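target.csv follows (CSV, N, CA and C atoms):
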chain,number,residue,atom,x,y,z
A,252,MET,N,-17.0,40.3,19.4
A,252,MET,CA,-16.3,39.1,19.6
A,252,MET,C,-16.6,38.0,18.6
A,253,ALA,N,-17.1,38.4,17.5
A,253,ALA,CA,-17.6,37.5,16.5
A,253,ALA,C,-16.5,36.6,15.9
A,254,GLY,N,-15.2,37.0,16.0
A,254,GLY,CA,-14.2,36.1,15.4
A,254,GLY,C,-13.4,35.2,16.4
A,255,LEU,N,-14.0,35.0,17.6
A,255,LEU,CA,-13.2,34.2,18.6
A,255,LEU,C,-13.2,32.8,18.2
A,256,SER,N,-12.1,32.1,18.5
A,256,SER,CA,-12.1,30.7,18.4
A,256,SER,C,-12.8,30.1,19.6
A,257,LYS,N,-13.0,28.8,19.5
A,257,LYS,CA,-13.7,28.1,20.6
A,257,LYS,C,-12.9,28.2,21.8
A,258,ALA,N,-11.5,28.0,21.7
A,258,ALA,CA,-10.7,28.1,22.9
A,258,ALA,C,-10.7,29.5,23.5
A,259,GLU,N,-10.7,30.5,22.7
A,259,GLU,CA,-10.8,31.9,23.2
A,259,GLU,C,-12.1,32.2,23.9
A,260,LEU,N,-13.2,31.7,23.3
A,260,LEU,CA,-14.5,31.9,23.9
A,260,LEU,C,-14.6,31.1,25.2
A,261,LEU,N,-14.0,29.9,25.3
A,261,LEU,CA,-14.0,29.2,26.6
A,261,LEU,C,-13.2,29.9,27.6
A,262,ASN,N,-12.1,30.5,27.3
A,262,ASN,CA,-11.3,31.3,28.2
A,262,ASN,C,-12.0,32.5,28.7
A,263,GLU,N,-12.6,33.2,27.8
A,263,GLU,CA,-13.4,34.4,28.2
A,263,GLU,C,-14.6,34.1,29.0
A,264,THR,N,-15.3,33.0,28.7
A,264,THR,CA,-16.4,32.6,29.5
A,264,THR,C,-16.0,32.2,30.9
A,265,SER,N,-14.9,31.4,31.0
A,265,SER,CA,-14.3,31.0,32.3
A,265,SER,C,-14.0,32.2,33.1
A,266,ASP,N,-13.4,33.3,32.6
A,266,ASP,CA,-13.1,34.5,33.3
A,266,ASP,C,-14.4,35.2,33.8
A,267,LEU,N,-15.4,35.3,32.9
A,267,LEU,CA,-16.6,35.9,33.2
A,267,LEU,C,-17.3,35.2,34.4
A,268,LEU,N,-17.4,33.9,34.3
A,268,LEU,CA,-18.1,33.1,35.3
A,268,LEU,C,-17.4,33.2,36.6
A,269,TYR,N,-16.0,33.1,36.6
A,269,TYR,CA,-15.2,33.2,37.8
A,269,TYR,C,-15.5,34.5,38.5
A,270,HIS,N,-15.5,35.6,37.8
A,270,HIS,CA,-15.7,36.9,38.4
A,270,HIS,C,-17.1,37.1,38.9
A,271,LEU,N,-18.1,36.5,38.2
A,271,LEU,CA,-19.5,36.5,38.6
A,271,LEU,C,-19.6,35.8,39.9
A,272,PHE,N,-19.0,34.6,40.0
A,272,PHE,CA,-19.1,33.8,41.2
A,272,PHE,C,-18.5,34.5,42.4
A,273,VAL,N,-17.4,35.2,42.2
A,273,VAL,CA,-16.7,35.9,43.2
A,273,VAL,C,-17.6,37.0,43.7
A,274,LEU,N,-18.2,37.8,42.8
A,274,LEU,CA,-19.2,38.8,43.2
A,274,LEU,C,-20.3,38.3,43.9
A,275,LEU,N,-20.9,37.2,43.5
A,275,LEU,CA,-22.1,36.7,44.2
A,275,LEU,C,-21.7,36.2,45.6
A,276,GLN,N,-20.6,35.6,45.7
A,276,GLN,CA,-20.1,35.1,47.0
A,276,GLN,C,-19.8,36.3,47.9
A,277,ASN,N,-19.2,37.3,47.4
A,277,ASN,CA,-18.9,38.5,48.2
A,277,ASN,C,-20.2,39.2,48.7
A,278,GLN,N,-21.2,39.1,47.9
A,278,GLN,CA,-22.5,39.8,48.3
A,278,GLN,C,-23.4,38.8,49.0
A,279,GLY,N,-23.0,37.6,49.3
A,279,GLY,CA,-23.8,36.6,50.0
A,279,GLY,C,-25.0,36.1,49.2
A,280,ILE,N,-24.9,36.1,47.9
A,280,ILE,CA,-26.0,35.6,47.1
A,280,ILE,C,-25.7,34.2,46.5
A,281,ALA,N,-26.6,33.3,46.8
A,281,ALA,CA,-26.5,31.9,46.3
A,281,ALA,C,-27.0,31.8,44.9
A,282,LEU,N,-26.5,30.8,44.2
A,282,LEU,CA,-26.9,30.6,42.8
A,282,LEU,C,-28.4,30.2,42.8
A,283,GLU,N,-28.9,29.6,43.9
A,283,GLU,CA,-30.3,29.2,44.0
A,283,GLU,C,-31.2,30.5,44.0
A,284,GLU,N,-30.7,31.5,44.5
A,284,GLU,CA,-31.4,32.8,44.5
A,284,GLU,C,-31.5,33.4,43.1
A,285,VAL,N,-30.5,33.2,42.4
A,285,VAL,CA,-30.5,33.7,41.0
A,285,VAL,C,-31.4,32.8,40.2
A,286,GLU,N,-31.4,31.5,40.4
A,286,GLU,CA,-32.3,30.6,39.7
A,286,GLU,C,-33.8,31.0,40.0
A,287,ALA,N,-34.0,31.3,41.3
A,287,ALA,CA,-35.4,31.7,41.7
A,287,ALA,C,-35.9,32.9,40.9
A,288,VAL,N,-35.0,33.9,40.8
A,288,VAL,CA,-35.4,35.1,40.1
A,288,VAL,C,-35.6,34.8,38.6
A,289,LEU,N,-34.8,33.9,38.0
A,289,LEU,CA,-35.1,33.5,36.6
A,289,LEU,C,-36.4,32.8,36.5
A,290,GLY,N,-36.7,32.0,37.5
A,290,GLY,CA,-38.0,31.3,37.4
A,290,GLY,C,-39.2,32.2,37.6
A,291,GLN,N,-39.0,33.3,38.4
A,291,GLN,CA,-40.1,34.3,38.5
A,291,GLN,C,-40.3,35.1,37.2
A,292,ARG,N,-39.2,35.4,36.6
A,292,ARG,CA,-39.3,36.2,35.4
A,292,ARG,C,-40.0,35.4,34.3
A,293,HIS,N,-39.7,34.1,34.2
A,293,HIS,CA,-40.3,33.3,33.2
A,293,HIS,C,-41.5,32.5,33.6
A,294,GLY,N,-41.9,32.7,34.9
A,294,GLY,CA,-43.1,32.0,35.4
A,294,GLY,C,-43.0,30.5,35.5
A,295,GLN,N,-41.8,30.0,35.6
A,295,GLN,CA,-41.7,28.6,35.7
A,295,GLN,C,-40.3,28.2,36.2
A,296,SER,N,-40.1,27.0,36.7
A,296,SER,CA,-38.8,26.6,37.0
A,296,SER,C,-38.3,25.8,35.8
A,297,HIS,N,-37.0,25.7,35.7
A,297,HIS,CA,-36.4,25.1,34.5
A,297,HIS,C,-35.5,23.9,34.9
A,298,ASP,N,-35.5,22.9,34.1
A,298,ASP,CA,-34.5,21.8,34.2
A,298,ASP,C,-33.4,22.1,33.1
A,299,TYR,N,-32.3,22.8,33.5
A,299,TYR,CA,-31.4,23.3,32.5
A,299,TYR,C,-30.6,22.1,31.8
A,300,SER,N,-30.7,20.9,32.3
A,300,SER,CA,-30.1,19.8,31.7
A,300,SER,C,-30.8,19.4,30.4
A,301,VAL,N,-32.1,19.8,30.3
A,301,VAL,CA,-32.9,19.5,29.1
A,301,VAL,C,-33.3,20.9,28.6
A,302,ARG,N,-32.8,21.2,27.4
A,302,ARG,CA,-33.2,22.5,26.9
A,302,ARG,C,-33.3,22.5,25.4
A,303,LYS,N,-34.1,23.4,24.9
A,303,LYS,CA,-34.2,23.5,23.4
A,303,LYS,C,-33.0,24.0,22.8
A,304,GLU,N,-32.8,23.6,21.5
A,304,GLU,CA,-31.6,24.0,20.8
A,304,GLU,C,-31.8,25.5,20.4
A,305,ILE,N,-30.7,26.3,20.6
A,305,ILE,CA,-30.8,27.7,20.2
A,305,ILE,C,-30.5,27.8,18.7
A,306,LYS,N,-31.5,28.5,18.1
A,306,LYS,CA,-31.4,28.6,16.6
A,306,LYS,C,-31.2,30.1,16.3
A,307,ASN,N,-30.7,30.4,15.2
A,307,ASN,CA,-30.4,31.8,14.7
A,307,ASN,C,-29.6,32.6,15.6
A,308,TYR,N,-28.6,32.0,16.2
A,308,TYR,CA,-27.7,32.7,17.1
A,308,TYR,C,-26.9,33.7,16.5

Could you spell out this file's structure in structure tokens?
Amino acid sequence: MAGLSKAELLNETSDLLYHLFVLLQNQGIALEEVEAVLGQRHGQSHDYSVRKEIKNY
């Protein structure tokens, strides 16, 4: 997907998130549960509104 335009990437991301949210809802999984698992994996909770810049992407 290296050659996608920003608009194409936004469309693909929207589709991905939509289907992920449908799956989570169907399985009775709240986003807070996913956040808790991420916190356990990384040993801390995160404030995603403040994050480091991603480099070397």

Subject >> atom C of Leu282 of chain A to atom C of Lys257 of chain A, straight-line distance in Å >> reply: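 Spanning atom C of Lys257 of chain A to atom C of Leu282 of chain A is a straight-line distance of 26.2 Å.
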
Original post:
What does the distance from atom CA of Leu271 of chain A to atom CA of Val285 of chain A come to in Å, to one decimal?
Top reply: 11.6 Å

**OP:** State, in Å with one decimal place, the distance from atom N of Glu284 of chain A to atom N of Phe272 of chain A.
**Re:** 12.9 Å
